[in-house]
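Undergrad: Sharing a structure, written as structure tokens. Questions coming.
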Amino acid sequence: MSSDRIPLQPTLRQLLGAEALSEAQILFGEQWLDRQVSQVIAGSPVGVRAGSLIVSRGDFSEQNGNSFEELAGIVLIHPLTGALATHNGPKSPVQAPCDIDLETAQALRVCKQAEAPLLILPSLGNPEEVAEELRAAYLTEVKEASARLHAQFVRTVVEDGLASLVEKLSALAGRPVAVETSDFKILASHNMGPTPPSQQKTLTEEIAEELNRELRSSQSDNDYDPCEEAVRVGRRLVAPVVLEGAVVGYLSVMVRPSDDVSLITEYLRPASVAALVDFSRRRREFSSTSVTHKSLLKDLLTGHNLAASDQERLEQYFGFDIADGLFVFAVKVFPEGAIRHLAREERQAVVEMEGAYVFVMPLDSGNPRTWQQAAEELRASIKTDSPQCLVQIGAGRLAQSILDLPDIYTEARQALITGSMIHANNEFTTSYGDLGIKRILYPLLDHPELDRFYDEHLAPLEAYDLEWETDLVPTLRVYLNHGANLNSAAKELFVHRHTMRYRLEQIADLLKVDIDSSEVLLNLQIAFQIGDLKGKSKPANGKTG
């Protein structure tokens, strides 16, 4: 656990203020009174966990210090006698008198070996009853500390977002942490991935059973604590995030067998409640656009015919009727669910469709901007709350009215999909107009003729490069990128123009083509485009000399 964590467990010094210890005297170990107490127990069990405070009448004859490693302390119930009765209160350390009885001596020996405080409680009471009183005081301190921590967690979520909450919880617990939606999409994480599919069903079933049990035993829908106990699934300790009686997400901490799960749970509870602030805000923002208008917009984008009255409602609702044009962007964000503010601009519309977010943004002639500027503003808006997320944007051409939206949405989606094929898991912004011939190749991507075309034009060069460790394929790509200009290509590759010409002759010989033919050059460019879409060809490194 992190040494700078916010203490949820009270120290023995704090518990000295409890009524049950009002007459206790410190016989030994005042310097260890600030050790945290993890539990209060009666008796003298062997192998108690670290942080245990033992309340006992004695009987430590068979115990040794090794059985009480990191013991929080011992409260020895002792009749008020002689030397022990002459000292005043818990703040006055007591030196052990020479005539102490056997039980006190045994407890003192244990505390010295364990380097733990020994308190004498002048009483004839039952250890179980005293321990119960102390346990009540202990739980009160824990709840107060938990409330303080919850306030800090809520402030973190409100001011810095869910990602900061995860980082804080991870630092406090010293373990990886993740927040997921109810369908296991990562919203924020620190060194932790989503719940494995093999554990998802087990987790949802256990959480559902726990919720149903709590609801059945509660007096009302709000009279229950869904996070009373976190659920252990595999190596994960999971607390549900419950909003209006339904599980909307999960907060998970990765634990090890040696971890104090009860302590991690004490951090997990207030964190999961604080996460509700973010989930509630998400729900408000996602529902800020009425369901009806979102449904109409989806119908329009997917090409369904709308009645004239519905078109008018849609235009007026989003303010499209006064726009000078409409930008349409199809957006993917990784990790999924990282978008928190979907409609920062009053006239900006957004819906989720086919695994992506679709943004429709108006163009105002009074504030002219290019589609590139609008896309970068959108990217910056998304990253405001999730700076580390990865954003991929596909743009359609400018729509003149909402009647153009179905075609423009199709363009934006194709730009997004084609861009993801080219750029894989990297960020990009590309438009349908920039795709060029890829717009033709994309619908044919699974056609075997594309593979044959690629192999016919580039496979011989790839085989030759592999066998002889040459750079003919990158050289050809650079040459084509420079419009078949030998001198500029040689300059980029840092080779002499004669070397460049020699390589081109090698390429022509291997492919058995006229490298100066415009048709041949076009075929080679198309082959590279196919390779990019299928992830086959490698980009030039610019330094193949």
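Chain labels A, B, ... are given in the sequence in which chains occur in the structure tokens; within each chain residues are numbered consecutively from 1, and ligands are likewise numbered from 1 in the order shown.
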Assign secondary structure with DSSP using the backbone only, and return the residues of region 103-296 of chain A in strand (DSSP E) as a PyMOL selection string.
TA: chain A and resi 118-122+177-181+186-190+231-233+236-243+246-254
Undergrad: Mind checking which residues fall within 9 Å of region 139-156 of chain A, counting only C-alpha atoms, ignoring those fewer than 5 positions away in the same chain, and posting them as a PyMOL selection string?
TA: chain A and resi 6-10+14-15+134+161-162+164-165+168-169+266-267+269-271+273-277
Undergrad: How far is it from CA of Ala20 (chain A) to CA of Glu129 (chain A), in Å with one decimal?
TA: 9.7 Å
Undergrad: Would you give me, as an MDAnalysis selection string, the residues in region 261-447 of chain A that DSSP reads as helix (DSSP H, G or I)?
TA: chainID A and resid 261:286 291:301 308:318 320:322 371:383 402:423 432:434 438:444
Undergrad: Identify which of the residues A:Val130, A:Val513, A:Ile530, A:Ala18 lies closest to Tyr454 (chain A), counting only C-alpha atoms when measuring atom-to-atom distances.
TA: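 Answer, going by the shortest atom-to-atom distance: A:Ile530.
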Undergrad: Which one is closest to Asn485 (chain A): A:Glu209, A:Glu411, A:Glu376, A:Asp516? Count only C-alpha atoms.
TA: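 Answer, going by the shortest atom-to-atom distance: A:Asp516.
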Undergrad: Near Glu180 (chain A), counting only C-alpha atoms, which residues have an atom at most 10 Å away, once you skip same-chain residues fewer than 3 positions from it, shown as an MDAnalysis selection string?
TA: chainID A and resid 183:189 193:195 240:241 248:252 336:337
Undergrad: Write out the residues from the selection above, keeping N, CA and C atoms, as an mmCIF file, in the first residue's frame.
TA:
```cif
data_model
loop_
_atom_site.group_PDB
_atom_site.id
_atom_site.type_symbol
_atom_site.label_atom_id
_atom_site.label_comp_id
_atom_site.auth_asym_id
_atom_site.auth_seq_id
_atom_site.Cartn_x
_atom_site.Cartn_y
_atom_site.Cartn_z
ATOM 1 N N ASP A 183 -21.512 -2.556 -19.688
ATOM 2 C CA ASP A 183 -21.205 -3.524 -20.756
ATOM 3 C C ASP A 183 -19.702 -3.661 -20.963
ATOM 4 N N PHE A 184 -18.934 -3.280 -19.922
ATOM 5 C CA PHE A 184 -17.499 -3.540 -19.820
ATOM 6 C C PHE A 184 -16.659 -2.786 -20.859
ATOM 7 N N LYS A 185 -17.045 -1.560 -21.119
ATOM 8 C CA LYS A 185 -16.201 -0.660 -21.901
ATOM 9 C C LYS A 185 -15.420 0.218 -20.930
ATOM 10 N N ILE A 186 -14.100 0.285 -21.126
ATOM 11 C CA ILE A 186 -13.244 1.048 -20.220
ATOM 12 C C ILE A 186 -13.528 2.539 -20.360
ATOM 13 N N LEU A 187 -13.788 3.205 -19.226
ATOM 14 C CA LEU A 187 -13.937 4.656 -19.202
ATOM 15 C C LEU A 187 -12.655 5.328 -18.745
ATOM 16 N N ALA A 188 -11.992 4.718 -17.792
ATOM 17 C CA ALA A 188 -10.713 5.240 -17.290
ATOM 18 C C ALA A 188 -9.988 4.082 -16.622
ATOM 19 N N SER A 189 -8.674 4.070 -16.742
ATOM 20 C CA SER A 189 -7.922 2.975 -16.128
ATOM 21 C C SER A 189 -6.503 3.428 -15.825
ATOM 22 N N GLY A 193 -6.671 -3.444 -17.684
ATOM 23 C CA GLY A 193 -7.540 -3.586 -18.840
ATOM 24 C C GLY A 193 -8.955 -3.934 -18.429
ATOM 25 N N PRO A 194 -9.824 -4.145 -19.409
ATOM 26 C CA PRO A 194 -11.224 -4.477 -19.111
ATOM 27 C C PRO A 194 -11.360 -5.866 -18.500
ATOM 28 N N THR A 195 -12.495 -6.122 -17.905
ATOM 29 C CA THR A 195 -12.778 -7.427 -17.321
ATOM 30 C C THR A 195 -12.753 -8.491 -18.410
ATOM 31 N N PRO A 240 -19.806 -2.306 -7.636
ATOM 32 C CA PRO A 240 -20.714 -1.813 -8.677
ATOM 33 C C PRO A 240 -20.970 -0.320 -8.506
ATOM 34 N N VAL A 241 -21.205 0.348 -9.591
ATOM 35 C CA VAL A 241 -21.662 1.739 -9.565
ATOM 36 C C VAL A 241 -23.145 1.693 -9.901
ATOM 37 N N VAL A 248 -24.750 0.640 -13.494
ATOM 38 C CA VAL A 248 -24.340 1.372 -14.698
ATOM 39 C C VAL A 248 -22.841 1.227 -14.969
ATOM 40 N N GLY A 249 -22.104 0.664 -14.010
ATOM 41 C CA GLY A 249 -20.672 0.495 -14.225
ATOM 42 C C GLY A 249 -20.022 -0.287 -13.110
ATOM 43 N N TYR A 250 -18.712 -0.467 -13.235
ATOM 44 C CA TYR A 250 -17.948 -1.228 -12.246
ATOM 45 C C TYR A 250 -16.628 -0.514 -11.980
ATOM 46 N N LEU A 251 -16.244 -0.472 -10.715
ATOM 47 C CA LEU A 251 -14.936 0.042 -10.309
ATOM 48 C C LEU A 251 -14.138 -1.138 -9.774
ATOM 49 N N SER A 252 -12.996 -1.421 -10.400
ATOM 50 C CA SER A 252 -12.238 -2.632 -10.077
ATOM 51 C C SER A 252 -10.820 -2.298 -9.639
ATOM 52 N N GLU A 336 -12.879 2.957 -25.427
ATOM 53 C CA GLU A 336 -14.281 3.240 -25.682
ATOM 54 C C GLU A 336 -14.933 3.830 -24.436
ATOM 55 N N GLY A 337 -15.785 4.804 -24.648
ATOM 56 C CA GLY A 337 -16.468 5.447 -23.531
ATOM 57 C C GLY A 337 -15.720 6.619 -22.948
#
```
Undergrad: Excluding Glu354 (chain A) and residues on its chain fewer than 3 positions from it, collect all residues at most 12 Å away from it, counting only C-alpha atoms, and give them as JSON, numbers by chain.
TA: {"A": [298, 301, 302, 330, 331, 332, 351, 357, 358, 409, 410, 413, 414, 416, 417]}
Undergrad: If I take CA of Ser365 (chain A) and CA of Asp324 (chain A), how far is one from the other in Å, to one decimal?
TA: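 About the pair CA of Ser365 (chain A) and CA of Asp324 (chain A): they are 6.2 Å apart.
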Undergrad: State, in Å with one decimal place, the distance from CA of Ser262 (chain A) to CA of Val242 (chain A).
TA: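 These atoms are spaced 20.7 Å apart.
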Undergrad: Which residues are close to Arg235 (chain A), i.e. within 7 Å by only C-alpha atoms, leaving aside same-chain residues fewer than 4 positions away? Reply as number ranges by chain.
TA: A: 254-256
Undergrad: Restricting the calculation to only C-alpha atoms, which member of A:Leu511, A:Val177, A:Ile382, A:Ala415 is positioned closest to Arg397 (chain A)?
TA: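 Under the stated criterion, the closest residue is A:Ala415.
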Undergrad: In terms of the shortest atom-to-atom distance over only C-alpha atoms, which of A:Ala131, A:Met361, A:Ala375, A:Leu12 is closest to Ala349 (chain A)?
TA: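 Looking at the shortest contact to Ala349 (chain A), the residue is A:Met361.
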Undergrad: Between A:Thr265, A:Ser431, A:Ser280, A:Gln392, which has the minimum distance to Ala173 (chain A) (counting only C-alpha atoms)?
TA: A:Thr265
Undergrad: Which one is closest to Leu445 (chain A): A:Asp532, A:Asp514, A:Pro362, A:Leu472? Count only C-alpha atoms.
TA: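 Checking each of A:Asp532, A:Asp514, A:Pro362, A:Leu472 against Leu445 (chain A), counting only C-alpha atoms, the winner is A:Asp532.
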